[in-house]
>>> print(open('structure22.txt').read())   # compact mmCIF, C-alpha atoms
# COMPACT_ATOMS: atom_id res chain seq x y z
CA MET Q 103 -40.96 47.40 -27.36
CA PRO Q 104 -40.95 49.69 -24.31
CA ASP Q 105 -40.61 47.98 -20.94
CA THR Q 106 -43.92 48.85 -19.26
CA SER Q 107 -42.74 47.76 -15.80
CA GLN Q 108 -40.12 50.52 -15.67
CA GLN Q 109 -40.41 53.40 -13.24
CA PRO Q 110 -39.20 56.92 -14.14
CA GLN Q 111 -36.51 56.65 -11.43
CA ASP Q 112 -35.06 53.59 -13.19
CA LEU Q 113 -33.87 55.81 -16.04
CA LEU Q 114 -32.24 58.51 -13.92
CA PRO Q 115 -29.93 60.30 -14.20
CA LEU Q 116 -30.63 61.13 -17.84
CA THR Q 117 -27.87 61.97 -20.27
CA PRO Q 118 -27.76 65.68 -21.20
CA THR Q 119 -28.83 64.85 -24.78
CA VAL Q 120 -31.91 62.89 -23.67
CA PHE Q 121 -32.89 65.53 -21.13
CA HIS Q 122 -32.54 68.35 -23.65
CA ILE Q 123 -34.65 66.49 -26.20
CA LEU Q 124 -37.33 65.90 -23.55
CA LEU Q 125 -37.23 69.62 -22.73
CA ALA Q 126 -37.46 70.53 -26.41
CA LEU Q 127 -40.56 68.37 -26.79
CA ALA Q 128 -42.16 69.53 -23.54
CA ASP Q 129 -44.23 72.23 -25.26
CA GLY Q 130 -45.39 70.20 -28.25
CA GLU Q 131 -44.41 67.92 -31.08
CA ARG Q 132 -41.43 68.69 -33.28
CA HIS Q 133 -39.46 67.17 -36.14
CA GLY Q 134 -35.72 66.45 -36.00
CA TYR Q 135 -34.48 69.79 -37.27
CA SER Q 136 -36.88 71.66 -35.01
CA ILE Q 137 -35.69 69.64 -31.99
CA MET Q 138 -32.11 70.50 -32.87
CA GLN Q 139 -32.91 74.21 -33.20
CA GLU Q 140 -34.81 74.24 -29.90
CA VAL Q 141 -31.99 72.47 -28.04
CA SER Q 142 -29.54 74.96 -29.50
CA ARG Q 143 -31.81 77.84 -28.44
CA ILE Q 144 -32.37 76.72 -24.84
CA THR Q 145 -28.66 76.09 -24.35
CA ASP Q 146 -27.59 79.35 -25.99
CA GLY Q 147 -25.97 77.40 -28.79
CA SER Q 148 -23.68 75.43 -26.47
CA ILE Q 149 -25.26 72.13 -27.50
CA GLN Q 150 -25.64 71.43 -31.18
CA MET Q 151 -26.22 67.79 -31.93
CA GLY Q 152 -25.13 66.12 -35.14
CA PRO Q 153 -27.62 64.04 -37.18
CA GLY Q 154 -26.16 60.76 -35.84
CA THR Q 155 -26.40 61.81 -32.20
CA LEU Q 156 -29.91 63.20 -32.62
CA TYR Q 157 -31.41 60.20 -34.42
CA GLY Q 158 -29.42 57.66 -32.38
CA THR Q 159 -30.87 59.25 -29.22
CA ILE Q 160 -34.36 59.47 -30.73
CA LYS Q 161 -34.16 55.75 -31.56
CA ARG Q 162 -33.23 54.90 -27.96
CA MET Q 163 -35.95 57.18 -26.60
CA LEU Q 164 -38.56 55.56 -28.85
CA GLU Q 165 -37.44 52.13 -27.64
CA ALA Q 166 -37.65 53.27 -24.02
CA GLY Q 167 -41.14 54.67 -24.59
CA LEU Q 168 -40.13 58.24 -23.70
CA ILE Q 169 -41.32 59.69 -27.01
CA GLU Q 170 -43.53 58.54 -29.86
CA GLU Q 171 -44.01 59.40 -33.50
CA THR Q 172 -47.10 61.32 -34.42
CA ASP Q 173 -48.96 61.61 -37.72
CA GLU Q 174 -50.33 65.04 -36.89
CA ARG Q 175 -48.85 68.05 -38.68
CA PRO Q 176 -48.93 71.41 -36.89
CA ASP Q 177 -49.29 73.18 -40.22
CA PRO Q 178 -49.74 70.65 -43.07
CA GLU Q 179 -49.64 73.28 -45.82
CA MET Q 180 -46.29 74.63 -44.73
CA ASP Q 181 -44.67 71.31 -44.00
CA ASP Q 182 -42.73 68.60 -45.78
CA GLU Q 183 -44.58 65.28 -45.55
CA ARG Q 184 -41.33 63.31 -45.33
CA ARG Q 185 -40.55 64.82 -41.94
CA ARG Q 186 -41.33 62.75 -38.90
CA TYR Q 187 -42.75 64.42 -35.83
CA TYR Q 188 -42.13 63.28 -32.29
CA ARG Q 189 -43.92 64.02 -29.04
CA LEU Q 190 -43.53 63.11 -25.38
CA THR Q 191 -45.41 60.10 -24.06
CA SER Q 192 -46.96 60.33 -20.60
CA PHE Q 193 -44.08 58.15 -19.35
CA GLY Q 194 -41.58 60.50 -21.01
CA LYS Q 195 -43.23 63.42 -19.26
CA ARG Q 196 -42.99 61.65 -15.89
CA VAL Q 197 -39.31 60.84 -16.53
CA ALA Q 198 -38.60 64.49 -17.39
CA GLN Q 199 -40.39 65.60 -14.20
CA ALA Q 200 -38.45 63.08 -12.12
CA GLU Q 201 -35.17 64.36 -13.60
CA VAL Q 202 -36.14 67.96 -12.85
CA GLU Q 203 -36.98 66.99 -9.26
CA ARG Q 204 -33.59 65.25 -8.97
CA LEU Q 205 -31.82 68.35 -10.25
CA VAL Q 206 -33.82 70.62 -7.92
CA ALA Q 207 -32.85 68.43 -4.95
CA LEU Q 208 -29.19 68.70 -6.01
CA LEU Q 209 -29.55 72.44 -6.39
CA ASN Q 210 -30.99 72.69 -2.86
CA ILE Q 211 -28.02 70.75 -1.50
CA ALA Q 212 -25.65 73.07 -3.37
CA ARG Q 213 -27.54 76.08 -1.94
CA SER Q 214 -27.31 74.70 1.60
CA LYS Q 215 -23.56 74.40 1.13
CA ARG Q 216 -23.42 77.97 -0.18
CA LEU Q 217 -22.20 76.88 -3.59
CA VAL Q 218 -24.93 78.81 -5.41
CA GLY Q 219 -25.30 82.57 -5.62
CA THR Q 220 -22.02 83.39 -3.91
CA GLU Q 221 -19.11 85.15 -5.54
CA SER Q 222 -15.71 83.77 -4.62
CA MET J 1475 -20.45 83.24 -52.15
CA ASN J 1476 -23.21 83.75 -54.73
CA ARG J 1477 -26.45 81.82 -54.56
CA THR J 1478 -25.64 79.35 -57.38
CA ILE J 1479 -22.32 78.36 -55.82
CA GLN J 1480 -24.01 78.06 -52.42
CA THR J 1481 -26.63 75.68 -53.84
CA LYS J 1482 -23.90 73.69 -55.57
CA TRP J 1483 -21.88 73.28 -52.39
CA ILE J 1484 -24.94 72.27 -50.42
CA ALA J 1485 -25.94 69.69 -53.06
CA LEU J 1486 -22.41 68.29 -53.18
CA SER J 1487 -22.27 68.12 -49.37
CA GLU J 1488 -25.57 66.27 -49.32
CA HIS J 1489 -24.30 63.71 -51.88
CA VAL J 1490 -21.13 63.10 -49.90
CA TYR J 1491 -23.01 62.80 -46.59
CA ARG J 1492 -25.52 60.37 -48.15
CA ALA J 1493 -22.61 58.23 -49.37
CA LEU J 1494 -21.00 58.29 -45.93
CA LEU J 1495 -24.14 56.86 -44.34
CA VAL J 1496 -22.93 53.47 -45.58
CA LEU J 1497 -20.90 53.45 -42.35
CA TYR J 1498 -24.10 52.84 -40.36
CA PRO J 1499 -25.74 49.39 -40.14
CA ALA J 1500 -28.24 48.74 -42.96
CA ASP J 1501 -31.31 48.58 -40.68
CA TYR J 1502 -30.47 51.84 -38.99
CA ARG J 1503 -29.78 53.48 -42.38
CA ARG J 1504 -33.13 52.32 -43.75
CA GLU J 1505 -34.96 53.69 -40.72
CA TYR J 1506 -33.19 57.01 -40.24
CA GLY J 1507 -30.95 57.57 -43.31
CA SER J 1508 -33.29 59.89 -45.24
CA LEU J 1509 -34.17 61.83 -42.06
CA MET J 1510 -30.48 62.33 -41.28
CA VAL J 1511 -29.78 63.54 -44.82
CA GLN J 1512 -32.72 65.94 -44.59
CA LEU J 1513 -31.49 67.27 -41.25
CA PHE J 1514 -27.93 67.59 -42.57
CA ARG J 1515 -29.20 69.55 -45.61
CA ASP J 1516 -31.34 71.86 -43.44
CA VAL J 1517 -28.38 72.71 -41.22
CA CYS J 1518 -26.12 73.16 -44.29
CA ARG J 1519 -28.54 75.75 -45.65
CA GLU J 1520 -28.74 77.52 -42.30
CA LYS J 1521 -24.96 77.61 -41.84
CA VAL J 1522 -24.26 78.80 -45.38
CA HIS J 1523 -26.98 81.43 -45.08
CA ARG J 1524 -25.59 82.74 -41.77
CA HIS J 1525 -21.84 82.26 -42.02
CA GLY J 1526 -21.11 81.47 -45.67
CA PHE J 1527 -18.46 78.89 -46.62
CA THR J 1528 -16.87 78.98 -43.12
CA GLY J 1529 -20.16 77.90 -41.61
CA LEU J 1530 -20.33 74.97 -43.99
CA VAL J 1531 -16.78 73.89 -43.13
CA TYR J 1532 -17.58 74.13 -39.40
CA TRP J 1533 -20.72 72.02 -39.88
CA TRP J 1534 -18.76 69.41 -41.86
CA CYS J 1535 -16.14 69.10 -39.11
CA LYS J 1536 -18.86 68.63 -36.50
CA THR J 1537 -20.75 66.15 -38.67
CA LEU J 1538 -17.68 64.01 -39.42
CA PHE J 1539 -16.89 63.76 -35.72
CA ASP J 1540 -20.52 62.91 -34.95
CA LEU J 1541 -20.62 60.34 -37.77
CA ALA J 1542 -17.47 58.56 -36.61
CA LEU J 1543 -18.75 58.24 -33.04
CA THR J 1544 -22.35 57.31 -33.73
CA ALA J 1545 -21.63 54.90 -36.61
CA LEU J 1546 -19.27 53.02 -34.33
CA GLU J 1547 -21.87 52.99 -31.55
CA GLN J 1548 -24.61 51.65 -33.84
CA ARG J 1549 -22.28 49.01 -35.34
CA ARG J 1550 -21.21 47.81 -31.89
CA LYS J 1551 -24.84 47.55 -30.77
CA VAL J 1552 -25.82 45.48 -33.83
CA SER J 1553 -22.87 43.11 -33.58
CA PHE J 1554 -23.59 42.52 -29.86
CA VAL J 1555 -27.28 41.85 -30.48
CA MET J 1556 -26.43 39.58 -33.41
CA SER J 1557 -23.85 37.56 -31.50
CA LYS J 1558 -26.12 37.21 -28.47
CA SER J 1559 -29.14 36.09 -30.50
CA THR J 1560 -27.02 33.69 -32.55
CA PHE J 1561 -25.58 32.25 -29.35
CA VAL J 1562 -29.09 31.78 -27.89
CA GLN J 1563 -30.24 30.12 -31.13
CA LEU J 1564 -27.35 27.66 -30.93
CA THR J 1565 -28.27 26.57 -27.38
CA GLY J 1566 -30.23 23.53 -28.60
CA ILE J 1567 -27.34 22.31 -30.75
CA PHE J 1568 -24.86 22.70 -27.87
CA LEU J 1569 -27.12 20.70 -25.58
CA VAL J 1570 -27.64 17.92 -28.16
CA VAL J 1571 -23.89 17.61 -28.73
CA GLY J 1572 -23.12 17.87 -25.00
CA GLY J 1573 -25.80 15.33 -24.13
CA ALA J 1574 -24.55 12.87 -26.77
CA PHE J 1575 -20.94 13.11 -25.58
CA SER J 1576 -21.99 12.68 -21.94
CA ALA J 1577 -24.12 9.64 -22.78
CA VAL J 1578 -21.14 8.03 -24.55
CA ALA J 1579 -18.80 9.01 -21.70
CA ALA J 1580 -21.11 7.29 -19.21
CA PHE J 1581 -19.81 3.89 -20.43
CA SER J 1582 -16.44 4.74 -18.86
CA GLN J 1583 -18.10 3.99 -15.52
CA PHE J 1584 -18.15 0.26 -16.34
CA GLN J 1585 -14.39 0.02 -15.85
CA PRO J 1586 -13.77 -2.94 -13.55
CA ASP J 1587 -11.37 -2.90 -10.59
CA ASP J 1588 -11.04 0.83 -9.93
CA HIS J 1589 -13.64 3.60 -9.73
CA TYR J 1590 -11.21 6.53 -9.49
CA THR J 1591 -8.31 5.93 -11.90
CA TYR J 1592 -9.20 5.33 -15.51
CA TYR J 1593 -7.10 3.67 -18.18
CA GLY J 1594 -7.25 2.40 -21.75
CA ILE J 1595 -10.59 2.61 -23.54
CA TYR J 1596 -12.28 3.71 -20.28
CA GLN J 1597 -9.99 6.74 -20.06
CA LEU J 1598 -10.82 7.61 -23.67
CA LEU J 1599 -14.51 7.28 -22.91
CA LEU J 1600 -14.10 9.43 -19.80
CA LEU J 1601 -12.37 12.12 -21.90
CA ALA J 1602 -15.59 12.38 -23.96
CA MET J 1603 -16.94 14.20 -20.89
CA VAL J 1604 -14.64 17.17 -21.71
CA PRO J 1605 -16.50 18.22 -24.90
CA GLY J 1606 -19.68 16.93 -23.26
CA PHE J 1607 -19.61 19.21 -20.22
CA LEU J 1608 -18.10 22.02 -22.27
CA CYS J 1609 -21.15 21.98 -24.56
CA ILE J 1610 -23.58 21.47 -21.66
CA GLY J 1611 -21.98 24.42 -19.84
CA ILE J 1612 -22.26 26.67 -22.89
CA GLY J 1613 -25.81 25.38 -23.43
CA CYS J 1614 -26.82 26.19 -19.83
CA ILE J 1615 -25.45 29.74 -20.17
CA GLY J 1616 -27.31 30.05 -23.51
CA LEU J 1617 -30.51 28.90 -21.80
CA GLY J 1618 -30.02 31.54 -19.12
CA LEU J 1619 -29.74 34.21 -21.82
CA ARG J 1620 -33.18 33.34 -23.20
CA PRO J 1621 -35.59 36.18 -22.44
CA THR J 1622 -38.37 33.67 -21.57
CA ILE J 1623 -36.29 32.39 -18.64
CA THR J 1624 -36.01 35.83 -17.03
CA GLN J 1625 -39.63 36.65 -17.83
CA THR J 1626 -40.92 33.44 -16.22
CA LEU J 1627 -38.39 32.54 -13.54
CA GLY J 1628 -36.81 35.94 -12.89
CA THR J 1629 -33.18 36.76 -12.20
CA VAL J 1630 -32.83 33.82 -9.77
CA GLY J 1631 -33.86 31.35 -12.50
CA ARG J 1632 -31.42 32.89 -14.93
CA TRP J 1633 -28.52 32.83 -12.46
CA THR J 1634 -29.10 29.20 -11.47
CA LEU J 1635 -28.51 28.38 -15.14
CA TYR J 1636 -25.45 30.63 -15.40
CA ILE J 1637 -23.93 29.04 -12.28
CA SER J 1638 -24.69 25.49 -13.42
CA GLY J 1639 -23.19 26.37 -16.83
CA LEU J 1640 -20.02 27.77 -15.33
CA ALA J 1641 -19.76 24.77 -13.01
CA ALA J 1642 -20.09 22.44 -16.01
CA LEU J 1643 -17.15 24.25 -17.63
CA VAL J 1644 -15.15 23.66 -14.42
CA MET J 1645 -16.15 19.98 -14.58
CA ALA J 1646 -14.87 19.79 -18.17
CA ALA J 1647 -11.57 21.39 -17.11
CA GLY J 1648 -11.34 18.99 -14.13
CA ILE J 1649 -11.88 15.89 -16.28
CA GLY J 1650 -9.31 17.12 -18.80
CA ALA J 1651 -6.77 17.86 -16.06
CA MET J 1652 -7.36 14.46 -14.45
CA SER J 1653 -5.62 12.77 -17.36
CA ILE J 1654 -2.45 14.64 -16.32
CA ASP J 1655 -2.87 14.85 -12.57
CA ASN J 1656 -5.27 12.53 -10.78
CA SER J 1657 -5.69 14.96 -7.87
CA MET J 1658 -7.63 17.18 -10.28
CA TRP J 1659 -10.51 14.88 -9.44
CA ASN J 1660 -11.28 17.48 -6.73
CA LEU J 1661 -11.79 20.15 -9.37
CA TRP J 1662 -14.23 17.95 -11.23
CA MET J 1663 -16.02 17.05 -8.00
CA GLY J 1664 -16.27 20.70 -6.91
CA GLY J 1665 -17.77 21.64 -10.27
CA PHE J 1666 -20.10 18.66 -10.10
CA VAL J 1667 -21.46 19.64 -6.68
CA VAL J 1668 -22.09 23.25 -7.71
CA HIS J 1669 -23.59 22.14 -11.04
CA ILE J 1670 -26.00 19.77 -9.32
CA ILE J 1671 -27.01 22.25 -6.62
CA ALA J 1672 -27.65 25.00 -9.18
CA LEU J 1673 -29.59 22.62 -11.41
CA THR J 1674 -31.61 21.40 -8.42
CA ALA J 1675 -32.56 25.02 -7.67
CA PHE J 1676 -33.48 25.54 -11.33
CA GLY J 1677 -35.39 22.24 -11.41
CA LEU J 1678 -37.44 23.30 -8.37
CA LEU J 1679 -38.20 26.70 -9.87
CA HIS J 1680 -39.10 24.96 -13.11
CA LEU J 1681 -41.53 22.63 -11.38
CA TRP J 1682 -43.29 25.75 -10.09
CA LYS J 1683 -43.31 27.60 -13.44
CA PRO J 1684 -42.43 25.31 -16.38
CA VAL J 1685 -40.84 27.10 -19.30
CA LEU J 1686 -38.57 24.63 -21.11
CA PRO J 1687 -39.79 21.63 -23.12
CA ILE J 1688 -39.50 18.20 -21.43
CA PHE J 1689 -37.41 19.71 -18.67
CA ARG J 1690 -39.60 17.90 -16.16
CA ALA J 1691 -37.29 14.89 -16.66
CA LEU J 1692 -34.36 16.71 -15.14
CA PRO J 1693 -35.42 16.63 -11.48
CA LEU J 1694 -35.25 12.84 -11.77
CA GLN J 1695 -31.68 13.12 -13.00
CA ILE J 1696 -30.91 15.48 -10.17
CA ALA J 1697 -32.31 12.99 -7.69
CA ALA J 1698 -30.08 10.35 -9.27
CA GLY J 1699 -27.14 12.77 -8.99
CA LEU J 1700 -27.76 13.24 -5.31
CA LEU J 1701 -27.87 9.47 -4.98
CA ILE J 1702 -24.48 9.20 -6.68
CA MET J 1703 -23.05 11.93 -4.49
CA GLY J 1704 -24.48 10.03 -1.54
CA SER J 1705 -22.86 6.85 -2.76
CA GLY J 1706 -19.52 8.64 -2.83
CA VAL J 1707 -19.92 9.82 0.74
CA LEU J 1708 -21.83 6.95 2.28
CA PRO J 1709 -20.06 3.62 2.64
CA VAL J 1710 -21.34 1.84 -0.48
CA ASP J 1711 -18.94 -1.06 -0.65
CA SER J 1712 -19.95 -2.69 -3.87
CA LEU J 1713 -17.95 -1.33 -6.81
CA THR J 1714 -20.54 -2.72 -9.19
CA THR J 1715 -23.27 -0.69 -7.47
CA LYS J 1716 -21.15 2.47 -7.63
CA ASN J 1717 -20.40 1.85 -11.30
CA LEU J 1718 -24.00 1.20 -12.17
CA LEU J 1719 -25.27 4.26 -10.28
CA SER J 1720 -22.63 6.49 -11.90
CA PHE J 1721 -23.45 5.11 -15.34
CA LEU J 1722 -27.19 5.60 -14.84
CA PHE J 1723 -26.71 9.17 -13.67
CA ILE J 1724 -24.30 10.32 -16.39
CA PHE J 1725 -26.10 8.43 -19.16
CA GLY J 1726 -29.50 9.67 -17.99
CA MET J 1727 -28.30 13.27 -17.67
CA GLY J 1728 -26.76 13.07 -21.14
CA LEU J 1729 -30.02 11.78 -22.58
CA ALA J 1730 -32.02 14.47 -20.74
CA TRP J 1731 -29.85 17.27 -22.15
CA LEU J 1732 -29.98 15.65 -25.58
CA GLY J 1733 -33.78 15.58 -25.40
CA ILE J 1734 -34.03 19.17 -24.17
CA GLY J 1735 -31.64 20.32 -26.91
CA ALA J 1736 -33.59 18.46 -29.61
CA ALA J 1737 -36.88 19.91 -28.34
CA LEU J 1738 -35.39 23.43 -28.35
CA ASN J 1739 -34.18 22.91 -31.91
CA ARG J 1740 -37.64 21.72 -32.94
CA GLN J 1741 -39.22 24.80 -31.27
CA GLN J 1742 -36.74 27.03 -33.07
CA ARG J 1743 -37.53 25.46 -36.46
CA GLN J 1744 -41.26 25.91 -35.87
CA ALA J 1745 -40.73 29.55 -34.87
CA THR J 1746 -38.67 30.13 -38.02
CA LEU J 1747 -41.39 28.53 -40.18
CA ILE J 1748 -44.11 30.65 -38.55
CA ALA J 1749 -41.98 33.81 -38.99
CA ALA J 1750 -41.43 32.94 -42.67
>>> encode(input="structure22.txt", output="structure tokens")
Amino acid sequence: MPDTSQQPQDLLPLTPTVFHILLALADGERHGYSIMQEVSRITDGSIQMGPGTLYGTIKRMLEAGLIEETDERPDPEMDDERRRYYRLTSFGKRVAQAEVERLVALLNIARSKRLVGTES
Amino acid sequence: MNRTIQTKWIALSEHVYRALLVLYPADYRREYGSLMVQLFRDVCREKVHRHGFTGLVYWWCKTLFDLALTALEQRRKVSFVMSKSTFVQLTGIFLVVGGAFSAVAAFSQFQPDDHYTYYGIYQLLLLAMVPGFLCIGIGCIGLGLRPTITQTLGTVGRWTLYISGLAALVMAAGIGAMSIDNSMWNLWMGGFVVHIIALTAFGLLHLWKPVLPIFRALPLQIAAGLLIMGSGVLPVDSLTTKNLLSFLFIFGMGLAWLGIGAALNRQQRQATLIAA
């Protein structure tokens, strides 16, 4: 049961796995394999989760109310009914936005200290 | 690798991976097992299609590493949740046992002549406080772990119970040590003061938002405790009065914990019946 009193900031900073799954789901619902492919794509293949990591994280994210299962099928004719699809909840979206804002603030600090965009 | 051999290797890999899922807890396996196998098979196909047998070997290495880490993580989580919930369920029993021992130990206070050094049957009776306060201490900590306590009385309510529980354990240690060294009376007394203060705080919070069955009796015991503490500090000359007050307090507190424990057990049984 998700804790409804939680604020997005309570969950920050997110682990890379959770953040990448949130990013993968940001543009629509996906099933496990599709999430894995999307994470691999956006990280240029540097992150490839195993089945245990992916579903262990999905379980935690469901419990935290960041994502939810959906019965909708993007293309029912092309799809396997046994697959489960996941999508962001509004809370999950707010958490992802809060994490992005945190990272942007960090990036600005790094910029102000000339750690970004300079060749040593 | 030709297509038939590829299919064979993928099917074999899937069988082996499915068998290895036994490493995960049963509940987790039931919920996610088939999805994990499906995902594993999809990636097997992709790797074999792109990189042939080498791709499959790479994926197996990655999967075995992932399996070892995540199976351990899921197992640890389940065993912690199980042990915590079992501990919370046993709270009532601890309090019944602790209360009963304390009630019996209260009769040690009727020792004539001396209120501070115990001997003979009175020392034996006093030693019944060791398992008594041990169980009450564990019971108090178990009460603090109940989610309803935090939900109703917040973190402060929970910590008053933790502190009173820990103090009860100190009291048990003090009583036990007193049979070897009488100066250990200070340890018992220190634990007693903290236990009573923490319980008073909990009792006040509980008057405001009641959450435990028949706990309303405890503030009376606390008042009696303060009276006893007062009798230790104030010049109460009569040994008989001291003895009687001590007996009433310890016996009453024992009975109160016994009653609370029995009520918790009854609640638990009803909850189990409803769930069934």
>>> closest_residue(input="structure22.txt", among="J:Pro1621, J:Gly1664, J:Gly1507, J:Gly1613", to="J:Leu1738", atoms="all atoms listed in the file")
J:Gly1613
>>> atom_distance(input="structure22.txt", atom1="atom CA of Q:Val120", atom2="atom CA of J:Trp1533")
21.7 Å
>>> atom_distance(input="structure22.txt", atom1="atom CA of Q:Ser192", atom2="atom CA of Q:Leu168")
7.8 Å
>>> interface_residues(input="structure22.txt", of="chain J", to="chain Q", cutoff="12 Å", atoms="all atoms listed in the file", output="MDAnalysis selection string")
chainID J and resid 1491:1492 1494:1495 1497:1499 1501:1503 1505:1520 1532:1549 1551 1625
>>> atom_distance(input="structure22.txt", atom1="atom CA of Q:Tyr188", atom2="atom CA of Q:Ser148")
22.8 Å
>>> closest_residue(input="structure22.txt", among="J:Leu1686, J:Ile1671, J:Val1496, J:Leu1661", to="J:Gly1733", atoms="all atoms listed in the file")
J:Leu1686
>>> closest_residue(input="structure22.txt", among="Q:Gln108, Q:Thr172, Q:Ser214, Q:Thr119", to="Q:Val141", atoms="all atoms listed in the file")
Q:Thr119
>>> residues_near_point(input="structure22.txt", point="(-35.9, 74.6, -26.1)", cutoff="7 Å", atoms="all atoms listed in the file", output="list of chain:residue names")
Q:Leu125, Q:Ala126, Q:Glu140, Q:Val141, Q:Arg143, Q:Ile144
>>> residues_near_point(input="structure22.txt", point="(-17.7, 5.5, -20.9)", cutoff="6 Å", atoms="only C-alpha atoms", output="compact mmCIF listing (two decimals) with C-alpha atoms, in the coordinates of the input")
# COMPACT_ATOMS: atom_id res chain seq x y z
CA VAL J 1578 -21.14 8.03 -24.55
CA ALA J 1579 -18.80 9.01 -21.70
CA ALA J 1580 -21.11 7.29 -19.21
CA PHE J 1581 -19.81 3.89 -20.43
CA SER J 1582 -16.44 4.74 -18.86
CA GLN J 1583 -18.10 3.99 -15.52
CA TYR J 1596 -12.28 3.71 -20.28
CA LEU J 1599 -14.51 7.28 -22.91
CA LEU J 1600 -14.10 9.43 -19.80
